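Colleague: To be precise about what I am sending: the file is called final-v8.pdb and holds PDB, C-alpha atoms.
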```pdb
MODEL        1
ATOM      1  CA  MET A   1       8.968 -13.916  -2.015
ATOM      2  CA  LYS A   2       8.650 -12.903   1.627
ATOM      3  CA  LEU A   3       5.577 -12.554   3.853
ATOM      4  CA  ALA A   4       4.658  -9.405   5.807
ATOM      5  CA  PHE A   5       1.620  -7.925   7.546
ATOM      6  CA  SER A   6       0.263  -4.370   7.604
ATOM      7  CA  THR A   7      -0.228  -2.467  10.835
ATOM      8  CA  ASN A   8      -3.469  -0.958   9.526
ATOM      9  CA  ALA A   9      -5.366  -3.945  10.979
ATOM     10  CA  PHE A  10      -4.030  -3.000  14.428
ATOM     11  CA  LYS A  11      -5.497   0.490  14.757
ATOM     12  CA  GLN A  12      -6.809  -0.319  18.251
ATOM     13  CA  VAL A  13      -3.255  -0.568  19.614
ATOM     14  CA  SER A  14      -0.122   1.537  19.322
ATOM     15  CA  LEU A  15       2.380   1.197  16.512
ATOM     16  CA  GLU A  16       4.893  -0.364  18.871
ATOM     17  CA  GLU A  17       2.393  -2.942  20.144
ATOM     18  CA  SER A  18       1.305  -3.770  16.603
ATOM     19  CA  LEU A  19       4.930  -4.476  15.692
ATOM     20  CA  ARG A  20       5.302  -6.833  18.637
ATOM     21  CA  GLN A  21       2.115  -8.707  17.798
ATOM     22  CA  ILE A  22       2.953  -9.030  14.085
ATOM     23  CA  ALA A  23       6.378 -10.432  14.926
ATOM     24  CA  ALA A  24       4.834 -12.847  17.436
ATOM     25  CA  CYS A  25       2.597 -14.228  14.671
ATOM     26  CA  GLY A  26       5.677 -15.274  12.697
ATOM     27  CA  TYR A  27       5.930 -12.548  10.051
ATOM     28  CA  SER A  28       9.378 -11.338   9.025
ATOM     29  CA  GLY A  29       8.168  -8.051   7.543
ATOM     30  CA  VAL A  30       5.786  -5.223   8.380
ATOM     31  CA  GLU A  31       4.090  -2.457   6.432
ATOM     32  CA  ILE A  32       3.604   0.620   8.613
ATOM     33  CA  MET A  33       0.565   2.887   8.343
ATOM     34  CA  ALA A  34       1.827   6.452   7.749
ATOM     35  CA  ASP A  35      -1.265   7.939   9.380
ATOM     36  CA  VAL A  36      -2.974   8.159  12.739
ATOM     37  CA  PRO A  37      -2.938   6.239  15.010
ATOM     38  CA  HIS A  38       0.422   4.773  14.004
ATOM     39  CA  ALA A  39       3.045   6.792  12.133
ATOM     40  CA  TYR A  40       1.567  10.072  10.924
ATOM     41  CA  PRO A  41       4.768  11.871   9.879
ATOM     42  CA  PRO A  42       4.245  15.111  11.905
ATOM     43  CA  HIS A  43       3.810  12.968  15.026
ATOM     44  CA  MET A  44       7.062  11.039  14.479
ATOM     45  CA  ASP A  45       9.897  13.048  16.005
ATOM     46  CA  PRO A  46      13.516  11.903  15.484
ATOM     47  CA  ARG A  47      13.634  10.068  18.795
ATOM     48  CA  ARG A  48      10.528   8.003  18.000
ATOM     49  CA  ARG A  49      11.743   7.270  14.477
ATOM     50  CA  LYS A  50      14.950   5.831  15.876
ATOM     51  CA  ALA A  51      13.022   3.883  18.514
ATOM     52  CA  VAL A  52      10.860   2.265  15.819
ATOM     53  CA  VAL A  53      13.949   1.290  13.816
ATOM     54  CA  ASP A  54      15.526  -0.165  16.954
ATOM     55  CA  LEU A  55      12.371  -2.088  17.864
ATOM     56  CA  CYS A  56      12.058  -3.568  14.368
ATOM     57  CA  ARG A  57      15.693  -4.624  14.526
ATOM     58  CA  GLU A  58      15.097  -6.246  17.924
ATOM     59  CA  LEU A  59      11.995  -8.058  16.595
ATOM     60  CA  ARG A  60      13.760  -9.003  13.338
ATOM     61  CA  LEU A  61      11.069  -7.267  11.314
ATOM     62  CA  ALA A  62      11.919  -5.662   7.987
ATOM     63  CA  ILE A  63       9.878  -2.563   7.125
ATOM     64  CA  THR A  64       8.457  -3.478   3.728
ATOM     65  CA  ASN A  65       6.515  -0.322   2.859
ATOM     66  CA  LEU A  66       4.865   2.757   4.323
ATOM     67  CA  ASN A  67       1.145   2.962   3.572
ATOM     68  CA  ALA A  68       0.576   6.628   2.708
ATOM     69  CA  PHE A  69      -2.780   5.938   1.035
ATOM     70  CA  THR A  70      -5.163   7.072   3.772
ATOM     71  CA  LEU A  71      -5.148  10.496   5.407
ATOM     72  CA  PHE A  72      -7.382  10.137   8.456
ATOM     73  CA  ALA A  73      -5.313  12.766  10.259
ATOM     74  CA  GLN A  74      -6.784  15.424   7.942
ATOM     75  CA  GLY A  75      -9.755  13.783   6.246
ATOM     76  CA  ASP A  76     -10.668  10.174   5.569
ATOM     77  CA  THR A  77      -9.638   7.141   3.530
ATOM     78  CA  TRP A  78      -9.462   9.100   0.242
ATOM     79  CA  HIS A  79      -9.644  12.817   1.064
ATOM     80  CA  PRO A  80      -7.862  15.082   0.583
ATOM     81  CA  SER A  81      -6.950  13.355  -2.674
ATOM     82  CA  TRP A  82      -4.597  14.164  -5.529
ATOM     83  CA  ILE A  83      -7.499  15.346  -7.719
ATOM     84  CA  GLU A  84      -9.482  17.605  -5.407
ATOM     85  CA  PRO A  85     -10.954  20.664  -7.213
ATOM     86  CA  ASP A  86      -9.569  22.815  -4.377
ATOM     87  CA  PRO A  87      -5.827  23.495  -4.864
ATOM     88  CA  ALA A  88      -5.346  23.858  -1.106
ATOM     89  CA  ALA A  89      -6.706  20.350  -0.554
ATOM     90  CA  ARG A  90      -4.389  18.934  -3.216
ATOM     91  CA  ALA A  91      -1.508  20.725  -1.519
ATOM     92  CA  ARG A  92      -2.277  18.940   1.747
ATOM     93  CA  ARG A  93      -2.039  15.568  -0.029
ATOM     94  CA  ILE A  94       1.300  16.593  -1.520
ATOM     95  CA  GLU A  95       2.583  17.784   1.863
ATOM     96  CA  HIS A  96       1.581  14.470   3.460
ATOM     97  CA  THR A  97       3.360  12.525   0.745
ATOM     98  CA  LEU A  98       6.547  14.539   1.184
ATOM     99  CA  GLY A  99       6.421  13.829   4.901
ATOM    100  CA  ALA A 100       5.882  10.125   4.270
ATOM    101  CA  LEU A 101       8.886  10.027   1.925
ATOM    102  CA  GLN A 102      11.113  11.527   4.600
ATOM    103  CA  LEU A 103       9.743   9.116   7.178
ATOM    104  CA  ALA A 104      10.374   6.161   4.852
ATOM    105  CA  ARG A 105      13.954   7.330   4.376
ATOM    106  CA  ASP A 106      14.468   7.555   8.137
ATOM    107  CA  LEU A 107      12.900   4.142   8.820
ATOM    108  CA  GLY A 108      14.640   2.419   5.928
ATOM    109  CA  ALA A 109      11.436   1.584   4.032
ATOM    110  CA  PRO A 110      12.006   1.100   0.284
ATOM    111  CA  GLY A 111       8.723   2.691  -0.822
ATOM    112  CA  ILE A 112       5.433   4.330   0.070
ATOM    113  CA  SER A 113       2.073   3.313  -1.403
ATOM    114  CA  LEU A 114      -0.270   6.019  -2.700
ATOM    115  CA  GLU A 115      -3.950   6.290  -3.461
ATOM    116  CA  PRO A 116      -4.493   6.151  -7.254
ATOM    117  CA  GLY A 117      -5.736   9.689  -7.694
ATOM    118  CA  GLY A 118      -8.846   9.473  -5.566
ATOM    119  CA  PRO A 119     -12.591   9.419  -6.307
ATOM    120  CA  LEU A 120     -13.449  11.345  -9.473
ATOM    121  CA  PRO A 121     -15.038  14.646  -8.356
ATOM    122  CA  GLU A 122     -18.468  15.490  -9.700
ATOM    123  CA  GLY A 123     -18.175  17.481 -12.932
ATOM    124  CA  MET A 124     -14.516  16.582 -13.542
ATOM    125  CA  ASP A 125     -13.634  14.366 -16.512
ATOM    126  CA  ARG A 126     -10.923  11.698 -16.460
ATOM    127  CA  THR A 127      -8.551  13.643 -18.679
ATOM    128  CA  ALA A 128      -8.521  16.626 -16.321
ATOM    129  CA  ALA A 129      -8.258  14.358 -13.284
ATOM    130  CA  MET A 130      -5.331  12.431 -14.747
ATOM    131  CA  ALA A 131      -3.558  15.721 -15.501
ATOM    132  CA  LEU A 132      -3.994  16.849 -11.881
ATOM    133  CA  TYR A 133      -2.675  13.512 -10.622
ATOM    134  CA  ARG A 134       0.376  13.667 -12.848
ATOM    135  CA  ASP A 135       1.046  17.238 -11.701
ATOM    136  CA  GLY A 136       0.874  16.119  -8.068
ATOM    137  CA  LEU A 137       3.260  13.235  -8.667
ATOM    138  CA  LYS A 138       5.667  15.527 -10.509
ATOM    139  CA  ALA A 139       5.720  17.721  -7.406
ATOM    140  CA  VAL A 140       6.929  14.868  -5.182
ATOM    141  CA  LEU A 141       9.102  12.760  -7.509
ATOM    142  CA  PRO A 142      12.218  14.934  -6.945
ATOM    143  CA  ALA A 143      11.910  14.301  -3.203
ATOM    144  CA  ALA A 144      11.433  10.563  -3.853
ATOM    145  CA  ALA A 145      14.672  10.547  -5.847
ATOM    146  CA  GLN A 146      16.495  12.520  -3.152
ATOM    147  CA  CYS A 147      15.235  10.218  -0.381
ATOM    148  CA  GLY A 148      15.910   7.038  -2.377
ATOM    149  CA  VAL A 149      12.295   5.920  -1.847
ATOM    150  CA  ASP A 150       9.819   4.624  -4.430
ATOM    151  CA  LEU A 151       6.360   6.109  -5.021
ATOM    152  CA  LEU A 152       3.983   3.174  -5.517
ATOM    153  CA  VAL A 153       0.569   3.830  -7.056
ATOM    154  CA  GLU A 154      -2.077   1.396  -5.769
ATOM    155  CA  PRO A 155      -5.047   0.911  -8.144
ATOM    156  CA  GLU A 156      -8.333   0.573  -6.238
ATOM    157  CA  PRO A 157     -11.986   0.022  -7.203
ATOM    158  CA  HIS A 158     -14.046   3.203  -7.739
ATOM    159  CA  LEU A 159     -10.997   5.502  -7.837
ATOM    160  CA  LEU A 160      -9.306   7.209 -10.780
ATOM    161  CA  ILE A 161      -7.028   4.254 -11.544
ATOM    162  CA  GLU A 162      -8.631   0.833 -11.115
ATOM    163  CA  ARG A 163      -7.313  -1.357 -13.916
ATOM    164  CA  PRO A 164      -3.959  -2.285 -15.514
ATOM    165  CA  GLU A 165      -4.576  -0.216 -18.638
ATOM    166  CA  GLU A 166      -5.323   2.863 -16.512
ATOM    167  CA  PHE A 167      -2.024   2.467 -14.659
ATOM    168  CA  GLU A 168      -0.304   2.163 -18.026
ATOM    169  CA  GLU A 169      -2.085   5.344 -19.132
ATOM    170  CA  LEU A 170      -0.580   7.153 -16.146
ATOM    171  CA  LEU A 171       2.912   5.955 -16.985
ATOM    172  CA  ALA A 172       2.529   6.897 -20.633
ATOM    173  CA  GLY A 173       2.419  10.526 -19.550
ATOM    174  CA  LEU A 174       4.809  10.264 -16.609
ATOM    175  CA  SER A 175       7.757   7.884 -16.476
ATOM    176  CA  HIS A 176      10.321   8.008 -13.659
ATOM    177  CA  PRO A 177      12.638   5.404 -12.098
ATOM    178  CA  ARG A 178      11.126   6.078  -8.662
ATOM    179  CA  LEU A 179       7.522   5.591  -9.847
ATOM    180  CA  GLY A 180       6.150   2.060  -9.595
ATOM    181  CA  LEU A 181       3.179  -0.103  -8.672
ATOM    182  CA  ASN A 182       1.829  -1.387  -5.388
ATOM    183  CA  PHE A 183       0.102  -4.481  -6.791
ATOM    184  CA  ASP A 184      -3.034  -5.216  -4.747
ATOM    185  CA  ILE A 185      -4.292  -8.690  -5.655
ATOM    186  CA  GLY A 186      -7.812  -8.205  -4.307
ATOM    187  CA  HIS A 187      -8.327  -4.807  -5.899
ATOM    188  CA  PHE A 188      -7.775  -6.179  -9.387
ATOM    189  CA  TYR A 189     -10.071  -9.115  -8.627
ATOM    190  CA  CYS A 190     -12.824  -6.714  -7.520
ATOM    191  CA  VAL A 191     -12.869  -4.959 -10.903
ATOM    192  CA  GLY A 192     -13.066  -8.207 -12.866
ATOM    193  CA  VAL A 193      -9.381  -8.488 -13.738
ATOM    194  CA  ASP A 194      -7.562 -11.816 -13.358
ATOM    195  CA  PRO A 195      -4.801 -10.934 -10.858
ATOM    196  CA  ALA A 196      -2.455 -13.582 -12.294
ATOM    197  CA  ALA A 197      -2.793 -12.095 -15.787
ATOM    198  CA  ALA A 198      -2.345  -8.593 -14.347
ATOM    199  CA  ALA A 199       0.847  -9.694 -12.583
ATOM    200  CA  ARG A 200       2.281 -10.909 -15.867
ATOM    201  CA  ARG A 201       1.215  -7.741 -17.697
ATOM    202  CA  LEU A 202       2.502  -5.308 -15.092
ATOM    203  CA  ALA A 203       5.548  -7.276 -13.932
ATOM    204  CA  PRO A 204       8.174  -4.601 -14.775
ATOM    205  CA  HIS A 205       6.430  -2.086 -12.506
ATOM    206  CA  ILE A 206       5.651  -4.201  -9.415
ATOM    207  CA  ARG A 207       7.697  -3.115  -6.387
ATOM    208  CA  HIS A 208       5.401  -4.304  -3.550
ATOM    209  CA  VAL A 209       2.315  -6.514  -3.248
ATOM    210  CA  HIS A 210      -0.797  -6.422  -1.064
ATOM    211  CA  LEU A 211      -2.620  -9.690  -0.471
ATOM    212  CA  GLU A 212      -6.135 -10.301   0.817
ATOM    213  CA  ASP A 213      -9.059 -12.478  -0.250
ATOM    214  CA  ILE A 214     -12.333 -11.273  -1.783
ATOM    215  CA  ALA A 215     -15.798 -12.862  -1.847
ATOM    216  CA  ALA A 216     -17.385 -14.296  -4.993
ATOM    217  CA  SER A 217     -19.511 -11.131  -5.231
ATOM    218  CA  ARG A 218     -16.259  -9.205  -5.861
ATOM    219  CA  GLU A 219     -17.381  -6.628  -3.302
ATOM    220  CA  HIS A 220     -14.442  -4.531  -2.178
ATOM    221  CA  ARG A 221     -14.147  -5.908   1.328
ATOM    222  CA  HIS A 222     -10.866  -7.454   2.384
ATOM    223  CA  LEU A 223     -11.229 -11.011   3.680
ATOM    224  CA  VAL A 224      -8.773 -13.281   5.464
ATOM    225  CA  PRO A 225      -6.879 -15.401   2.901
ATOM    226  CA  GLY A 226      -8.762 -18.645   2.376
ATOM    227  CA  ARG A 227     -12.180 -17.195   3.191
ATOM    228  CA  GLY A 228     -12.828 -15.815  -0.311
ATOM    229  CA  THR A 229     -12.651 -17.019  -3.894
ATOM    230  CA  ILE A 230      -9.403 -15.602  -5.309
ATOM    231  CA  PRO A 231      -7.164 -18.429  -6.577
ATOM    232  CA  LEU A 232      -4.293 -17.086  -4.507
ATOM    233  CA  LYS A 233      -1.840 -19.865  -5.326
ATOM    234  CA  SER A 234      -2.147 -19.138  -9.054
ATOM    235  CA  VAL A 235      -1.454 -15.453  -8.424
ATOM    236  CA  LEU A 236       1.607 -16.237  -6.297
ATOM    237  CA  ASP A 237       2.792 -18.627  -9.012
ATOM    238  CA  ALA A 238       2.391 -15.872 -11.626
ATOM    239  CA  LEU A 239       4.404 -13.463  -9.492
ATOM    240  CA  ALA A 240       7.128 -16.083  -9.098
ATOM    241  CA  ASP A 241       7.068 -16.804 -12.835
ATOM    242  CA  VAL A 242       7.781 -13.158 -13.677
ATOM    243  CA  GLY A 243      10.658 -13.056 -11.218
ATOM    244  CA  TYR A 244       9.092 -11.109  -8.358
ATOM    245  CA  THR A 245      11.118 -11.824  -5.217
ATOM    246  CA  GLY A 246       9.915  -8.987  -2.987
ATOM    247  CA  TRP A 247       7.474  -8.622  -0.133
ATOM    248  CA  ILE A 248       3.880  -9.844  -0.077
ATOM    249  CA  THR A 249       2.078  -7.874   2.639
ATOM    250  CA  VAL A 250      -1.228  -9.153   4.025
ATOM    251  CA  GLU A 251      -3.667  -6.251   4.439
ATOM    252  CA  LEU A 252      -6.710  -6.909   6.634
ATOM    253  CA  TYR A 253      -7.778  -3.491   7.945
ATOM    254  CA  PRO A 254     -11.516  -4.412   8.336
ATOM    255  CA  TYR A 255     -10.614  -6.702  11.265
ATOM    256  CA  GLU A 256      -9.544  -4.189  13.907
ATOM    257  CA  ALA A 257     -11.327  -6.055  16.701
ATOM    258  CA  GLN A 258      -9.691  -9.375  15.749
ATOM    259  CA  ALA A 259      -6.362  -8.176  14.367
ATOM    260  CA  ARG A 260      -4.122 -10.646  16.212
ATOM    261  CA  GLU A 261      -6.413 -13.586  15.439
ATOM    262  CA  VAL A 262      -6.691 -12.868  11.691
ATOM    263  CA  ALA A 263      -2.963 -12.173  11.423
ATOM    264  CA  GLU A 264      -2.304 -15.617  12.867
ATOM    265  CA  GLU A 265      -4.948 -17.250  10.661
ATOM    266  CA  ALA A 266      -3.528 -15.635   7.529
ATOM    267  CA  PHE A 267       0.003 -16.680   8.424
ATOM    268  CA  GLN A 268      -1.017 -20.289   8.990
ATOM    269  CA  TYR A 269      -2.937 -20.374   5.695
ATOM    270  CA  LEU A 270      -0.202 -18.749   3.587
ATOM    271  CA  TRP A 271       3.003 -20.038   5.132
ATOM    272  CA  LYS A 272       2.965 -23.303   3.157
ATOM    273  CA  TRP A 273       3.671 -21.235   0.018
ATOM    274  CA  PHE A 274       6.497 -19.214   1.572
ATOM    275  CA  ARG A 275       8.636 -21.874   3.215
TER     276      ARG A 275
ENDMDL
END
```
Spell out the structure here as structure tokens.

Modeller:
Amino acid sequence: MKLAFSTNAFKQVSLEESLRQIAACGYSGVEIMADVPHAYPPHMDPRRRKAVVDLCRELRLAITNLNAFTLFAQGDTWHPSWIEPDPAARARRIEHTLGALQLARDLGAPGISLEPGGPLPEGMDRTAAMALYRDGLKAVLPAAAQCGVDLLVEPEPHLLIERPEEFEELLAGLSHPRLGLNFDIGHFYCVGVDPAAAARRLAPHIRHVHLEDIAASREHRHLVPGRGTIPLKSVLDALADVGYTGWITVELYPYEAQAREVAEEAFQYLWKWFR
């Protein structure tokens, strides 16, 4: 397994500066935020796309994933979502995802992570919401196949898909070789699921991993690894046991004001398990 860091902690600096700082901390991989202020696809013209590829090559940083979860450029962390009652809002989420797929292709990223449906709208039941989500994914899967980029659903507390069985429910109605899982260790812990057990259960679908710590309260607030109560070593051991050899990306977006410091702290805490 290989250790990376997400640029979404570095929203106070440019994408290019975040790449330099992440490399300086010792990471060999980077997840890029496909949103403002970093790499919102409509803002990434061909010249800048090439410049980012060249800079990553110079810094010896592999691009591990594009984070297409948030959509601050048009709304907020979750909106517009895949399950909005308004078809026009759903269309904006689909358009963003198509743009992120093309950007991933151009940057050489193997996948993009997606919100897991979004918050359930008032008055909408889960069956209807899951149908809307599947319809949205069906609209973008042909482009994923054409681009050679994976679509990675990321279960999150309080959204349509939170738990392993809900992800499996999605796949039961929609199976595709380009559809996989962005396995977020802390998110499963927040909803009372043992992340090590979840890794073993969902192993065939895991294409990328997010890592952060979570407090004993299981409140959904990302903490620097080592500051919370997740038994991270047991989760990493479970991932190794099931044969996962991909990227583990540290995601610490709540720490914008201390991004460089927490990136360094996380690296120093985790590196002993990645040597």

Colleague: Identify all residues satisfying the PyMOL selection byres ((chain A and resi 45-55) around 9) in the given file; provide them as a PyMOL selection string.

Modeller: chain A and resi 15-16+19-20+41-44+56-61+63+103+106-108

Colleague: Taking only C-alpha atoms into account, which of A:Arg134, A:Thr127, A:Leu141, A:Phe183 comes nearest Thr97 of chain A?

Modeller: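 Selected residue with least distance to Thr97 of chain A: A:Leu141.
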
Colleague: Using the file's own x, y and z axes, what box holds all listed atoms of segment 257-263 of chain A with 5 Å on each side, keeping edges along x, y and z, and what are its centre and edge lengths in Å to one decimal, as lines of an AutoDock Vina configuration file?

Modeller:
```
center_x = -7.1
center_y = -9.8
center_z = 14.1
size_x = 18.4
size_y = 17.5
size_z = 15.3
```

Colleague: Translate the PyMOL selection byres ((chain A and resi 196) around 12) into a concrete residue list for this structure, as an MDAnalysis selection string.

Modeller: chainID A and resid 164 183:186 188:189 192:195 197:203 230:242

Colleague: Between atom CA of Pro121 of chain A and atom CA of His208 of chain A, measure the distance and give it in Å to one decimal.

Modeller: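 Atom-to-atom, atom CA of Pro121 of chain A and atom CA of His208 of chain A are spaced 28.3 Å apart.
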
Colleague: I'd like the residues picked by the PyMOL selection byres ((chain A and resi 222-228) around 10) written out as a ChimeraX atom specification, using the chain letters and numbers from the file.

Modeller: /A:186-187,211-221,229-232,250-255,262-263,265-270

Colleague: Please list as a PDB file with C-alpha atoms, keeping the file's coordinate frame every residue within 10 Å of Arg275 of chain A, counting only C-alpha atoms and excluding residues in the same chain fewer than 6 positions away.

Modeller:
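The resulting file, selection_29.pdb, is shown below:
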```pdb
ATOM      1  CA  MET A   1       8.968 -13.916  -2.015  1.00  0.00           C
ATOM      2  CA  LYS A   2       8.650 -12.903   1.627  1.00  0.00           C
ATOM      3  CA  LEU A   3       5.577 -12.554   3.853  1.00  0.00           C
TER       4      LEU A   3
END
```

Colleague: Within 12 Å of segment 99-101 of chain A, counting all atoms listed in the file, which residues qualify if same-chain residues fewer than 6 places away don't, as number ranges by chain?

Modeller: A: 32-35, 39-45, 65-71, 92-93, 107-114, 140-152, 178

Colleague: Could you please take those selected residues and save C-alpha atoms as a PDB file, keeping the file's coordinate frame?

Modeller:
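Writing the result to out.pdb gives the following:
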```
ATOM      1  CA  ILE A  32       3.604   0.620   8.613  1.00  0.00           C
ATOM      2  CA  MET A  33       0.565   2.887   8.343  1.00  0.00           C
ATOM      3  CA  ALA A  34       1.827   6.452   7.749  1.00  0.00           C
ATOM      4  CA  ASP A  35      -1.265   7.939   9.380  1.00  0.00           C
ATOM      5  CA  ALA A  39       3.045   6.792  12.133  1.00  0.00           C
ATOM      6  CA  TYR A  40       1.567  10.072  10.924  1.00  0.00           C
ATOM      7  CA  PRO A  41       4.768  11.871   9.879  1.00  0.00           C
ATOM      8  CA  PRO A  42       4.245  15.111  11.905  1.00  0.00           C
ATOM      9  CA  HIS A  43       3.810  12.968  15.026  1.00  0.00           C
ATOM     10  CA  MET A  44       7.062  11.039  14.479  1.00  0.00           C
ATOM     11  CA  ASP A  45       9.897  13.048  16.005  1.00  0.00           C
ATOM     12  CA  ASN A  65       6.515  -0.322   2.859  1.00  0.00           C
ATOM     13  CA  LEU A  66       4.865   2.757   4.323  1.00  0.00           C
ATOM     14  CA  ASN A  67       1.145   2.962   3.572  1.00  0.00           C
ATOM     15  CA  ALA A  68       0.576   6.628   2.708  1.00  0.00           C
ATOM     16  CA  PHE A  69      -2.780   5.938   1.035  1.00  0.00           C
ATOM     17  CA  THR A  70      -5.163   7.072   3.772  1.00  0.00           C
ATOM     18  CA  LEU A  71      -5.148  10.496   5.407  1.00  0.00           C
ATOM     19  CA  ARG A  92      -2.277  18.940   1.747  1.00  0.00           C
ATOM     20  CA  ARG A  93      -2.039  15.568  -0.029  1.00  0.00           C
ATOM     21  CA  LEU A 107      12.900   4.142   8.820  1.00  0.00           C
ATOM     22  CA  GLY A 108      14.640   2.419   5.928  1.00  0.00           C
ATOM     23  CA  ALA A 109      11.436   1.584   4.032  1.00  0.00           C
ATOM     24  CA  PRO A 110      12.006   1.100   0.284  1.00  0.00           C
ATOM     25  CA  GLY A 111       8.723   2.691  -0.822  1.00  0.00           C
ATOM     26  CA  ILE A 112       5.433   4.330   0.070  1.00  0.00           C
ATOM     27  CA  SER A 113       2.073   3.313  -1.403  1.00  0.00           C
ATOM     28  CA  LEU A 114      -0.270   6.019  -2.700  1.00  0.00           C
ATOM     29  CA  VAL A 140       6.929  14.868  -5.182  1.00  0.00           C
ATOM     30  CA  LEU A 141       9.102  12.760  -7.509  1.00  0.00           C
ATOM     31  CA  PRO A 142      12.218  14.934  -6.945  1.00  0.00           C
ATOM     32  CA  ALA A 143      11.910  14.301  -3.203  1.00  0.00           C
ATOM     33  CA  ALA A 144      11.433  10.563  -3.853  1.00  0.00           C
ATOM     34  CA  ALA A 145      14.672  10.547  -5.847  1.00  0.00           C
ATOM     35  CA  GLN A 146      16.495  12.520  -3.152  1.00  0.00           C
ATOM     36  CA  CYS A 147      15.235  10.218  -0.381  1.00  0.00           C
ATOM     37  CA  GLY A 148      15.910   7.038  -2.377  1.00  0.00           C
ATOM     38  CA  VAL A 149      12.295   5.920  -1.847  1.00  0.00           C
ATOM     39  CA  ASP A 150       9.819   4.624  -4.430  1.00  0.00           C
ATOM     40  CA  LEU A 151       6.360   6.109  -5.021  1.00  0.00           C
ATOM     41  CA  LEU A 152       3.983   3.174  -5.517  1.00  0.00           C
ATOM     42  CA  ARG A 178      11.126   6.078  -8.662  1.00  0.00           C
TER      43      ARG A 178
END
```

Colleague: With N, CA and C atoms retained, output segment 104-116 of chain A as a compact mmCIF listing (two decimals), in the first residue's frame.

Modeller:
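Resulting contents of out-v4.txt:
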```txt
# COMPACT_ATOMS: atom_id res chain seq x y z
N ALA A 104 -9.88 13.59 -15.13
CA ALA A 104 -9.11 12.45 -14.63
C ALA A 104 -8.35 11.77 -15.77
N ARG A 105 -9.03 11.60 -16.89
CA ARG A 105 -8.35 11.01 -18.06
C ARG A 105 -7.13 11.84 -18.45
N ASP A 106 -7.29 13.16 -18.50
CA ASP A 106 -6.21 14.03 -18.95
C ASP A 106 -5.06 14.10 -17.94
N LEU A 107 -5.37 13.95 -16.66
CA LEU A 107 -4.33 14.00 -15.62
C LEU A 107 -3.73 12.63 -15.33
N GLY A 108 -4.36 11.58 -15.84
CA GLY A 108 -3.85 10.25 -15.57
C GLY A 108 -4.30 9.68 -14.24
N ALA A 109 -5.39 10.20 -13.67
CA ALA A 109 -5.93 9.67 -12.42
C ALA A 109 -6.75 8.42 -12.72
N PRO A 110 -6.63 7.38 -11.89
CA PRO A 110 -7.34 6.13 -12.19
C PRO A 110 -8.83 6.16 -11.87
N GLY A 111 -9.26 7.10 -11.00
CA GLY A 111 -10.67 7.13 -10.62
C GLY A 111 -11.08 8.48 -10.08
N ILE A 112 -12.40 8.64 -9.92
CA ILE A 112 -12.95 9.82 -9.26
C ILE A 112 -13.90 9.33 -8.17
N SER A 113 -13.86 9.97 -7.01
CA SER A 113 -14.76 9.59 -5.91
C SER A 113 -16.01 10.46 -5.96
N LEU A 114 -17.15 9.83 -5.62
CA LEU A 114 -18.46 10.45 -5.75
C LEU A 114 -19.19 10.46 -4.42
N GLU A 115 -20.03 11.48 -4.21
CA GLU A 115 -20.91 11.42 -3.06
C GLU A 115 -21.88 10.25 -3.24
N PRO A 116 -22.32 9.64 -2.11
CA PRO A 116 -23.14 8.42 -2.21
C PRO A 116 -24.63 8.72 -2.31
```
